[in-house]
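Below is upload_30.cif, which holds mmCIF, C-alpha atoms.
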data_data
#
loop_
_atom_site.label_atom_id
_atom_site.label_comp_id
_atom_site.auth_asym_id
_atom_site.auth_seq_id
_atom_site.Cartn_x
_atom_site.Cartn_y
_atom_site.Cartn_z
CA MET T 26 -38.25 18.76 39.26
CA ILE T 27 -34.45 19.24 39.36
CA THR T 28 -33.48 22.83 40.11
CA VAL T 29 -30.26 24.16 38.56
CA ASN T 30 -28.61 27.02 40.47
CA GLU T 31 -26.10 29.40 38.87
CA TYR T 32 -23.36 31.44 40.50
CA PHE T 33 -20.51 33.68 39.32
CA ASP T 34 -22.07 34.42 35.92
CA GLY T 35 -22.68 30.74 35.22
CA LYS T 36 -19.11 29.64 35.97
CA VAL T 37 -20.49 27.54 38.83
CA LYS T 38 -23.70 25.53 38.47
CA SER T 39 -25.28 23.12 40.90
CA MET T 40 -28.28 20.80 41.10
CA ALA T 41 -30.10 19.93 44.31
CA ILE T 42 -30.50 16.30 45.33
CA ASN T 43 -32.63 14.97 48.19
CA SER T 44 -31.81 11.29 48.56
CA GLY T 45 -32.56 10.90 52.21
CA SER T 46 -29.12 10.94 53.84
CA LEU T 47 -28.23 14.64 53.80
CA PRO T 48 -29.62 17.40 51.58
CA ALA T 49 -26.97 17.98 48.98
CA THR T 50 -26.07 19.56 45.70
CA ILE T 51 -23.79 18.35 42.97
CA GLY T 52 -22.14 20.87 40.78
CA VAL T 53 -19.45 21.95 38.39
CA MET T 54 -16.96 24.76 38.92
CA LEU T 55 -15.11 26.08 35.89
CA ALA T 56 -11.50 27.21 36.31
CA GLY T 57 -11.38 30.42 38.35
CA ASP T 58 -11.27 31.93 41.85
CA TYR T 59 -14.36 32.02 44.06
CA THR T 60 -15.43 32.81 47.62
CA PHE T 61 -18.41 30.90 48.99
CA GLY T 62 -20.38 31.73 52.13
CA THR T 63 -22.00 29.02 54.26
CA ASP T 64 -25.19 29.01 56.31
CA LYS T 65 -25.00 25.39 57.44
CA LYS T 66 -21.90 23.25 57.95
CA GLU T 67 -20.88 21.85 54.56
CA ILE T 68 -19.14 18.60 53.66
CA MET T 69 -17.50 19.02 50.25
CA THR T 70 -16.34 16.03 48.19
CA VAL T 71 -14.31 16.42 45.01
CA VAL T 72 -15.94 14.05 42.49
CA GLN T 73 -13.62 14.78 39.56
CA GLY T 74 -10.93 17.48 39.28
CA GLU T 75 -9.28 19.49 42.10
CA LEU T 76 -10.09 22.36 44.43
CA THR T 77 -7.43 24.47 46.16
CA VAL T 78 -9.13 25.75 49.27
CA THR T 79 -8.31 28.22 52.04
CA LEU T 80 -10.53 27.27 54.94
CA PRO T 81 -11.68 29.66 57.70
CA GLY T 82 -8.92 30.22 60.25
CA GLU T 83 -6.26 28.72 58.01
CA SER T 84 -3.64 30.76 56.15
CA ALA T 85 -2.28 28.00 53.91
CA ALA T 86 -4.37 26.72 50.99
CA ARG T 87 -4.82 22.97 50.57
CA THR T 88 -5.61 21.06 47.36
CA PHE T 89 -8.26 18.35 47.34
CA ARG T 90 -8.63 15.89 44.43
CA ASN T 91 -10.93 13.06 43.32
CA GLY T 92 -12.65 11.45 46.30
CA GLN T 93 -11.11 13.78 48.89
CA VAL T 94 -13.33 15.58 51.38
CA PHE T 95 -13.15 18.82 53.36
CA GLU T 96 -15.54 20.48 55.80
CA VAL T 97 -16.53 24.11 56.17
CA PRO T 98 -18.13 25.38 59.38
CA ALA T 99 -21.57 26.96 59.35
CA ASN T 100 -21.85 30.74 59.01
CA SER T 101 -18.40 31.17 57.53
CA SER T 102 -16.81 31.46 54.08
CA PHE T 103 -13.98 29.83 52.13
CA ASP T 104 -11.87 30.76 49.13
CA VAL T 105 -11.46 28.32 46.26
CA THR T 106 -9.03 28.33 43.35
CA VAL T 107 -10.08 25.97 40.57
CA ALA T 108 -7.29 25.06 38.16
CA ILE T 109 -9.33 22.61 36.02
CA ASP T 110 -13.08 22.17 35.69
CA THR T 111 -14.17 20.31 38.78
CA ALA T 112 -17.24 18.33 39.76
CA TYR T 113 -18.17 18.28 43.45
CA LEU T 114 -20.76 17.06 45.92
CA CYS T 115 -21.78 19.41 48.74
CA GLN T 116 -23.72 17.98 51.69
CA TYR T 117 -25.44 20.27 54.17
CA CYS T 118 -25.48 19.40 57.90
CA ASP T 119 -27.98 20.75 60.43
CA MET W 11 -19.93 27.79 29.84
CA ILE W 12 -21.53 24.82 31.64
CA THR W 13 -24.12 23.05 29.50
CA VAL W 14 -27.08 21.44 31.28
CA ASN W 15 -28.66 18.52 29.40
CA GLU W 16 -32.22 17.33 30.12
CA TYR W 17 -33.74 13.90 29.54
CA PHE W 18 -37.05 12.18 30.31
CA ASP W 19 -39.02 15.43 30.68
CA GLY W 20 -36.46 16.90 33.06
CA LYS W 21 -36.41 13.91 35.42
CA VAL W 22 -32.74 13.42 34.53
CA LYS W 23 -30.36 16.36 34.18
CA SER W 24 -26.63 16.34 33.60
CA MET W 25 -23.77 18.83 33.28
CA ALA W 26 -20.67 18.26 31.17
CA ILE W 27 -17.24 18.46 32.75
CA ASN W 28 -13.92 18.41 30.95
CA SER W 29 -11.22 18.15 33.57
CA GLY W 30 -8.59 16.39 31.55
CA SER W 31 -8.83 12.77 32.70
CA LEU W 32 -11.93 11.56 30.83
CA PRO W 33 -14.79 13.60 29.37
CA ALA W 34 -17.60 13.20 31.84
CA THR W 35 -20.96 14.40 32.99
CA ILE W 36 -22.38 14.65 36.47
CA GLY W 37 -26.06 14.42 36.89
CA VAL W 38 -29.15 13.78 38.96
CA MET W 39 -31.79 11.14 38.29
CA LEU W 40 -35.13 11.52 40.05
CA ALA W 41 -36.96 8.37 41.17
CA GLY W 42 -38.24 6.46 38.13
CA ASP W 43 -37.40 3.89 35.44
CA TYR W 44 -35.18 4.77 32.49
CA THR W 45 -33.37 3.16 29.57
CA PHE W 46 -30.16 4.80 28.39
CA GLY W 47 -28.34 4.13 25.13
CA THR W 48 -24.55 4.38 24.87
CA ASP W 49 -22.29 5.44 22.01
CA LYS W 50 -19.00 5.13 23.88
CA LYS W 51 -18.15 2.82 26.77
CA GLU W 52 -19.37 4.46 29.98
CA ILE W 53 -18.04 4.23 33.53
CA MET W 54 -20.86 5.13 35.93
CA THR W 55 -20.19 6.05 39.57
CA VAL W 56 -22.96 6.53 42.08
CA VAL W 57 -22.07 9.74 43.95
CA GLN W 58 -25.08 9.76 46.29
CA GLY W 59 -28.16 7.51 46.26
CA GLU W 60 -28.61 4.16 44.46
CA LEU W 61 -29.17 2.81 40.96
CA THR W 62 -30.66 -0.62 40.24
CA VAL W 63 -29.27 -1.55 36.86
CA THR W 64 -29.80 -4.31 34.34
CA LEU W 65 -26.70 -4.39 32.19
CA PRO W 66 -26.55 -5.67 28.58
CA GLY W 67 -26.43 -9.46 28.52
CA GLU W 68 -27.49 -9.77 32.15
CA SER W 69 -30.96 -10.84 33.28
CA ALA W 70 -30.62 -10.00 36.98
CA ALA W 71 -30.62 -6.37 38.08
CA ARG W 72 -27.91 -5.19 40.45
CA THR W 73 -28.03 -2.21 42.86
CA PHE W 74 -25.12 0.19 43.11
CA ARG W 75 -24.80 2.71 45.95
CA ASN W 76 -22.55 5.60 47.04
CA GLY W 77 -19.07 5.20 45.59
CA GLN W 78 -19.86 2.03 43.64
CA VAL W 79 -19.04 1.80 39.94
CA PHE W 80 -20.39 -0.11 36.94
CA GLU W 81 -19.42 -0.15 33.27
CA VAL W 82 -21.61 -0.20 30.18
CA PRO W 83 -20.18 -1.27 26.81
CA ALA W 84 -20.24 1.08 23.83
CA ASN W 85 -23.16 0.93 21.41
CA SER W 86 -25.51 -0.75 23.87
CA SER W 87 -28.22 0.24 26.35
CA PHE W 88 -29.06 -0.37 30.00
CA ASP W 89 -32.18 -0.17 32.14
CA VAL W 90 -32.13 1.75 35.41
CA THR W 91 -34.62 1.82 38.26
CA VAL W 92 -34.07 4.75 40.61
CA ALA W 93 -35.71 4.35 44.02
CA ILE W 94 -34.40 7.64 45.52
CA ASP W 95 -33.02 10.72 43.82
CA THR W 96 -29.47 9.84 42.84
CA ALA W 97 -26.41 11.81 41.85
CA TYR W 98 -23.95 10.13 39.49
CA LEU W 99 -20.74 10.68 37.53
CA CYS W 100 -20.57 9.25 34.00
CA GLN W 101 -17.17 9.02 32.32
CA TYR W 102 -16.87 8.36 28.58
CA CYS W 103 -14.08 6.13 27.25
CA ASP W 104 -12.80 6.15 23.64
#
Now, as a test, write the supplied structure out as structure tokens.
Amino acid sequence: MITVNEYFDGKVKSMAINSGSLPATIGVMLAGDYTFGTDKKEIMTVVQGELTVTLPGESAARTFRNGQVFEVPANSSFDVTVAIDTAYLCQYCD
Amino acid sequence: MITVNEYFDGKVKSMAINSGSLPATIGVMLAGDYTFGTDKKEIMTVVQGELTVTLPGESAARTFRNGQVFEVPANSSFDVTVAIDTAYLCQYCD
């Protein structure tokens, strides 16, 4: 069974995937501004589109596009500005 | 609004994404065997996992893993064997 998770009134949706390497979700973010909290360390990959991200401890935002990766520490949060609908992969590290 | 499409009794789910380059969907395929038909030419990228694919006109199956890409002509079909849950990106070409 593939579970679909919804956030921010359906403007962000994700699907869990367990393919053995790392537990992960793939998802779509519609254009908008979001703040995400983390429990575990997260490795985020932009699959298609772009994410402008302010990471914990950083004041300047950085934009990540197709194939680019950024990491977010566990037990923290990060702000994301999405200019165009973006598909992403999020992997969770223990 | 993010539309979630379901196929094969929910064993394959996809979400549409329109981020300007090519119309696309991202999705998850659970382990199993599937045959997909195409209207437009499709560019398939394995995001996480692996797809063993028999493409139109080919007798031998080939396995594609993380980051690898294959193309399927328009108005054709292809067989896929999924050994582990796999996330993919499918881009549609005019």
**Request:** Convert the output of the PyMOL selection byres ((chain T and resi 29-40) around 6) on the shown file into explicit residues, formatted as a PyMOL selection string.
**Result:** chain T and resi 28+41+50-55
**Request:** Would you kindly report the residues of chain W within 6 Å of chain T, using all atoms listed in the file, as a PyMOL selection string?
**Result:** chain W and resi 29+59+94-95
Cα-based least-squares overlay of chain W on chain T, as a tab-separated table (two decimals) with C-alpha atoms, keeping the file's coordinate frame:
chain	number	residue	atom	x	y	z
W	11	MET	CA	-38.25	18.76	39.26
W	12	ILE	CA	-34.46	19.25	39.35
W	13	THR	CA	-33.48	22.85	40.10
W	14	VAL	CA	-30.26	24.16	38.55
W	15	ASN	CA	-28.62	27.01	40.49
W	16	GLU	CA	-26.11	29.40	38.86
W	17	TYR	CA	-23.36	31.44	40.50
W	18	PHE	CA	-20.52	33.69	39.32
W	19	ASP	CA	-22.08	34.42	35.92
W	20	GLY	CA	-22.69	30.74	35.22
W	21	LYS	CA	-19.12	29.65	35.97
W	22	VAL	CA	-20.49	27.55	38.84
W	23	LYS	CA	-23.70	25.54	38.48
W	24	SER	CA	-25.27	23.12	40.91
W	25	MET	CA	-28.28	20.80	41.10
W	26	ALA	CA	-30.10	19.92	44.31
W	27	ILE	CA	-30.51	16.31	45.33
W	28	ASN	CA	-32.61	14.99	48.17
W	29	SER	CA	-31.83	11.31	48.55
W	30	GLY	CA	-32.55	10.92	52.21
W	31	SER	CA	-29.11	10.91	53.82
W	32	LEU	CA	-28.22	14.63	53.79
W	33	PRO	CA	-29.62	17.40	51.58
W	34	ALA	CA	-26.97	17.97	48.98
W	35	THR	CA	-26.08	19.56	45.71
W	36	ILE	CA	-23.80	18.35	42.96
W	37	GLY	CA	-22.15	20.87	40.80
W	38	VAL	CA	-19.44	21.95	38.40
W	39	MET	CA	-16.96	24.76	38.93
W	40	LEU	CA	-15.11	26.07	35.89
W	41	ALA	CA	-11.50	27.21	36.30
W	42	GLY	CA	-11.37	30.42	38.35
W	43	ASP	CA	-11.27	31.92	41.86
W	44	TYR	CA	-14.36	32.02	44.06
W	45	THR	CA	-15.43	32.79	47.61
W	46	PHE	CA	-18.41	30.90	48.99
W	47	GLY	CA	-20.39	31.74	52.12
W	48	THR	CA	-22.00	29.03	54.25
W	49	ASP	CA	-25.19	29.01	56.31
W	50	LYS	CA	-24.99	25.39	57.44
W	51	LYS	CA	-21.90	23.25	57.94
W	52	GLU	CA	-20.89	21.84	54.55
W	53	ILE	CA	-19.14	18.59	53.65
W	54	MET	CA	-17.49	19.02	50.24
W	55	THR	CA	-16.33	16.03	48.18
W	56	VAL	CA	-14.32	16.42	45.01
W	57	VAL	CA	-15.96	14.05	42.50
W	58	GLN	CA	-13.62	14.80	39.58
W	59	GLY	CA	-10.92	17.47	39.29
W	60	GLU	CA	-9.28	19.48	42.11
W	61	LEU	CA	-10.08	22.36	44.44
W	62	THR	CA	-7.42	24.47	46.17
W	63	VAL	CA	-9.12	25.75	49.28
W	64	THR	CA	-8.32	28.20	52.04
W	65	LEU	CA	-10.53	27.27	54.95
W	66	PRO	CA	-11.68	29.68	57.70
W	67	GLY	CA	-8.92	30.22	60.24
W	68	GLU	CA	-6.26	28.72	57.99
W	69	SER	CA	-3.64	30.76	56.13
W	70	ALA	CA	-2.27	27.99	53.90
W	71	ALA	CA	-4.36	26.72	50.99
W	72	ARG	CA	-4.81	22.98	50.57
W	73	THR	CA	-5.62	21.06	47.36
W	74	PHE	CA	-8.26	18.35	47.34
W	75	ARG	CA	-8.63	15.89	44.45
W	76	ASN	CA	-10.93	13.06	43.32
W	77	GLY	CA	-12.63	11.45	46.30
W	78	GLN	CA	-11.10	13.78	48.89
W	79	VAL	CA	-13.32	15.59	51.39
W	80	PHE	CA	-13.15	18.83	53.37
W	81	GLU	CA	-15.54	20.47	55.82
W	82	VAL	CA	-16.53	24.11	56.18
W	83	PRO	CA	-18.13	25.37	59.40
W	84	ALA	CA	-21.57	26.98	59.37
W	85	ASN	CA	-21.86	30.75	59.03
W	86	SER	CA	-18.40	31.18	57.52
W	87	SER	CA	-16.82	31.46	54.07
W	88	PHE	CA	-13.99	29.83	52.13
W	89	ASP	CA	-11.87	30.76	49.13
W	90	VAL	CA	-11.46	28.32	46.26
W	91	THR	CA	-9.05	28.34	43.34
W	92	VAL	CA	-10.08	25.96	40.57
W	93	ALA	CA	-7.28	25.05	38.16
W	94	ILE	CA	-9.33	22.60	36.02
W	95	ASP	CA	-13.07	22.19	35.69
W	96	THR	CA	-14.17	20.29	38.78
W	97	ALA	CA	-17.24	18.34	39.76
W	98	TYR	CA	-18.16	18.27	43.44
W	99	LEU	CA	-20.77	17.05	45.92
W	100	CYS	CA	-21.77	19.41	48.73
W	101	GLN	CA	-23.71	17.98	51.68
W	102	TYR	CA	-25.45	20.27	54.18
W	103	CYS	CA	-25.48	19.38	57.88
W	104	ASP	CA	-27.98	20.74	60.44
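All residues of protein, DNA or RNA that reach within 8 Å of stretch 58-63 of chain T, judged by all atoms listed in the file and not counting those fewer than 2 positions away in the chain, are T:Phe33, T:Ala56, T:Lys65, T:Lys66, T:Glu67, T:Val97, T:Pro98, T:Ala99, T:Asn100, T:Ser101, T:Ser102, T:Phe103, T:Asp104, T:Val105, T:Thr106, T:Val107.
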**Asked** Looking at W:Pro66, W:Ile53, W:Leu61, W:Arg72, which one is nearest to W:Pro33, with distances taken over all atoms listed in the file?
**Response** W:Ile53
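In this structure, atom CA of W:Met54 sits 15.2 Å away from atom CA of W:Ala71.
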**Request:** Any chance you could resolve the PyMOL selection byres ((chain T and resi 89) around 8) against this file and give the residues as a count of residues only?
**Result:** 12
With 4 Å of padding per side, what axis-aligned box (centre and edge lengths, Å, one decimal) covers all the listed atoms of stretch 68-79 of chain W? Give it as JSON.
{"center_x": -25.0, "center_y": -2.6, "center_z": 39.6, "size_x": 19.9, "size_y": 24.4, "size_z": 22.9}
**Request:** To one decimal in Å, tell me the separation between atom CA of W:Asp104 and atom CA of T:Gly57.
**Result:** 28.4 Å
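Here atom CA of T:Thr79 stands at a distance of 17.4 Å from atom CA of T:Asp64.
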With all heavy atoms as the atom set, please write stretch 82-93 of chain T from the structure just given, as a PDB file, in the first residue's frame.
ATOM      1  N   GLY T  82      20.967  27.883  10.932  1.00  0.00           N
ATOM      2  CA  GLY T  82      22.269  28.492  11.170  1.00  0.00           C
ATOM      3  C   GLY T  82      22.789  29.305  10.005  1.00  0.00           C
ATOM      4  O   GLY T  82      23.873  29.891  10.074  1.00  0.00           O
ATOM      5  N   GLU T  83      22.023  29.355   8.919  1.00  0.00           N
ATOM      6  CA  GLU T  83      22.465  30.149   7.766  1.00  0.00           C
ATOM      7  C   GLU T  83      21.489  31.319   7.585  1.00  0.00           C
ATOM      8  O   GLU T  83      20.288  31.165   7.739  1.00  0.00           O
ATOM      9  CB  GLU T  83      22.509  29.288   6.498  1.00  0.00           C
ATOM     10  CG  GLU T  83      23.528  28.145   6.570  1.00  0.00           C
ATOM     11  CD  GLU T  83      23.658  27.386   5.250  1.00  0.00           C
ATOM     12  OE1 GLU T  83      23.096  27.854   4.228  1.00  0.00           O
ATOM     13  OE2 GLU T  83      24.324  26.325   5.248  1.00  0.00           O
ATOM     14  N   SER T  84      22.027  32.479   7.215  1.00  0.00           N
ATOM     15  CA  SER T  84      21.129  33.631   7.020  1.00  0.00           C
ATOM     16  C   SER T  84      20.772  33.781   5.540  1.00  0.00           C
ATOM     17  O   SER T  84      19.687  34.236   5.183  1.00  0.00           O
ATOM     18  CB  SER T  84      21.820  34.913   7.517  1.00  0.00           C
ATOM     19  OG  SER T  84      23.104  35.010   6.897  1.00  0.00           O
ATOM     20  N   ALA T  85      21.710  33.369   4.657  1.00  0.00           N
ATOM     21  CA  ALA T  85      21.429  33.532   3.230  1.00  0.00           C
ATOM     22  C   ALA T  85      20.738  32.290   2.670  1.00  0.00           C
ATOM     23  O   ALA T  85      21.128  31.155   2.972  1.00  0.00           O
ATOM     24  CB  ALA T  85      22.747  33.758   2.475  1.00  0.00           C
ATOM     25  N   ALA T  86      19.707  32.524   1.842  1.00  0.00           N
ATOM     26  CA  ALA T  86      19.010  31.408   1.192  1.00  0.00           C
ATOM     27  C   ALA T  86      19.846  30.908   0.013  1.00  0.00           C
ATOM     28  O   ALA T  86      20.580  31.681  -0.609  1.00  0.00           O
ATOM     29  CB  ALA T  86      17.640  31.876   0.703  1.00  0.00           C
ATOM     30  N   ARG T  87      19.712  29.649  -0.302  1.00  0.00           N
ATOM     31  CA  ARG T  87      20.408  29.068  -1.451  1.00  0.00           C
ATOM     32  C   ARG T  87      19.399  28.322  -2.328  1.00  0.00           C
ATOM     33  O   ARG T  87      18.481  27.682  -1.777  1.00  0.00           O
ATOM     34  CB  ARG T  87      21.503  28.102  -0.997  1.00  0.00           C
ATOM     35  CG  ARG T  87      22.687  28.809  -0.361  1.00  0.00           C
ATOM     36  CD  ARG T  87      23.827  27.836  -0.122  1.00  0.00           C
ATOM     37  NE  ARG T  87      23.615  27.038   1.075  1.00  0.00           N
ATOM     38  CZ  ARG T  87      24.194  25.842   1.276  1.00  0.00           C
ATOM     39  NH1 ARG T  87      24.955  25.306   0.335  1.00  0.00           N
ATOM     40  NH2 ARG T  87      23.990  25.175   2.398  1.00  0.00           N
ATOM     41  N   THR T  88      19.568  28.370  -3.630  1.00  0.00           N
ATOM     42  CA  THR T  88      18.636  27.715  -4.552  1.00  0.00           C
ATOM     43  C   THR T  88      19.245  26.426  -5.099  1.00  0.00           C
ATOM     44  O   THR T  88      20.387  26.415  -5.548  1.00  0.00           O
ATOM     45  CB  THR T  88      18.271  28.671  -5.706  1.00  0.00           C
ATOM     46  OG1 THR T  88      17.583  29.809  -5.129  1.00  0.00           O
ATOM     47  CG2 THR T  88      17.341  28.008  -6.706  1.00  0.00           C
ATOM     48  N   PHE T  89      18.448  25.358  -4.996  1.00  0.00           N
ATOM     49  CA  PHE T  89      18.884  24.050  -5.465  1.00  0.00           C
ATOM     50  C   PHE T  89      17.987  23.624  -6.622  1.00  0.00           C
ATOM     51  O   PHE T  89      16.768  23.772  -6.524  1.00  0.00           O
ATOM     52  CB  PHE T  89      18.812  23.034  -4.330  1.00  0.00           C
ATOM     53  CG  PHE T  89      19.704  23.374  -3.159  1.00  0.00           C
ATOM     54  CD1 PHE T  89      19.275  24.225  -2.149  1.00  0.00           C
ATOM     55  CD2 PHE T  89      20.984  22.853  -3.091  1.00  0.00           C
ATOM     56  CE1 PHE T  89      20.107  24.559  -1.069  1.00  0.00           C
ATOM     57  CE2 PHE T  89      21.826  23.165  -2.020  1.00  0.00           C
ATOM     58  CZ  PHE T  89      21.387  24.021  -1.009  1.00  0.00           C
ATOM     59  N   ARG T  90      18.565  23.125  -7.698  1.00  0.00           N
ATOM     60  CA  ARG T  90      17.798  22.725  -8.890  1.00  0.00           C
ATOM     61  C   ARG T  90      18.001  21.250  -9.182  1.00  0.00           C
ATOM     62  O   ARG T  90      18.600  20.532  -8.391  1.00  0.00           O
ATOM     63  CB  ARG T  90      18.227  23.609 -10.074  1.00  0.00           C
ATOM     64  CG  ARG T  90      17.872  25.081  -9.855  1.00  0.00           C
ATOM     65  CD  ARG T  90      18.235  25.960 -11.049  1.00  0.00           C
ATOM     66  NE  ARG T  90      17.833  27.348 -10.798  1.00  0.00           N
ATOM     67  CZ  ARG T  90      18.541  28.221 -10.114  1.00  0.00           C
ATOM     68  NH1 ARG T  90      19.729  27.861  -9.598  1.00  0.00           N
ATOM     69  NH2 ARG T  90      18.098  29.461  -9.923  1.00  0.00           N
ATOM     70  N   ASN T  91      17.461  20.817 -10.342  1.00  0.00           N
ATOM     71  CA  ASN T  91      17.438  19.399 -10.719  1.00  0.00           C
ATOM     72  C   ASN T  91      18.731  18.670 -10.380  1.00  0.00           C
ATOM     73  O   ASN T  91      19.808  19.044 -10.848  1.00  0.00           O
ATOM     74  CB  ASN T  91      17.221  19.267 -12.236  1.00  0.00           C
ATOM     75  CG  ASN T  91      15.869  19.810 -12.636  1.00  0.00           C
ATOM     76  OD1 ASN T  91      15.304  20.667 -11.957  1.00  0.00           O
ATOM     77  ND2 ASN T  91      15.351  19.334 -13.745  1.00  0.00           N
ATOM     78  N   GLY T  92      18.619  17.640  -9.593  1.00  0.00           N
ATOM     79  CA  GLY T  92      19.768  16.785  -9.270  1.00  0.00           C
ATOM     80  C   GLY T  92      20.593  17.277  -8.097  1.00  0.00           C
ATOM     81  O   GLY T  92      21.439  16.543  -7.573  1.00  0.00           O
ATOM     82  N   GLN T  93      20.373  18.518  -7.651  1.00  0.00           N
ATOM     83  CA  GLN T  93      21.174  19.050  -6.544  1.00  0.00           C
ATOM     84  C   GLN T  93      20.603  18.607  -5.197  1.00  0.00           C
ATOM     85  O   GLN T  93      19.396  18.338  -5.078  1.00  0.00           O
ATOM     86  CB  GLN T  93      21.240  20.587  -6.631  1.00  0.00           C
ATOM     87  CG  GLN T  93      22.014  21.066  -7.856  1.00  0.00           C
ATOM     88  CD  GLN T  93      22.134  22.576  -7.917  1.00  0.00           C
ATOM     89  OE1 GLN T  93      21.166  23.305  -7.669  1.00  0.00           O
ATOM     90  NE2 GLN T  93      23.337  23.057  -8.240  1.00  0.00           N
TER      91      GLN T  93
END
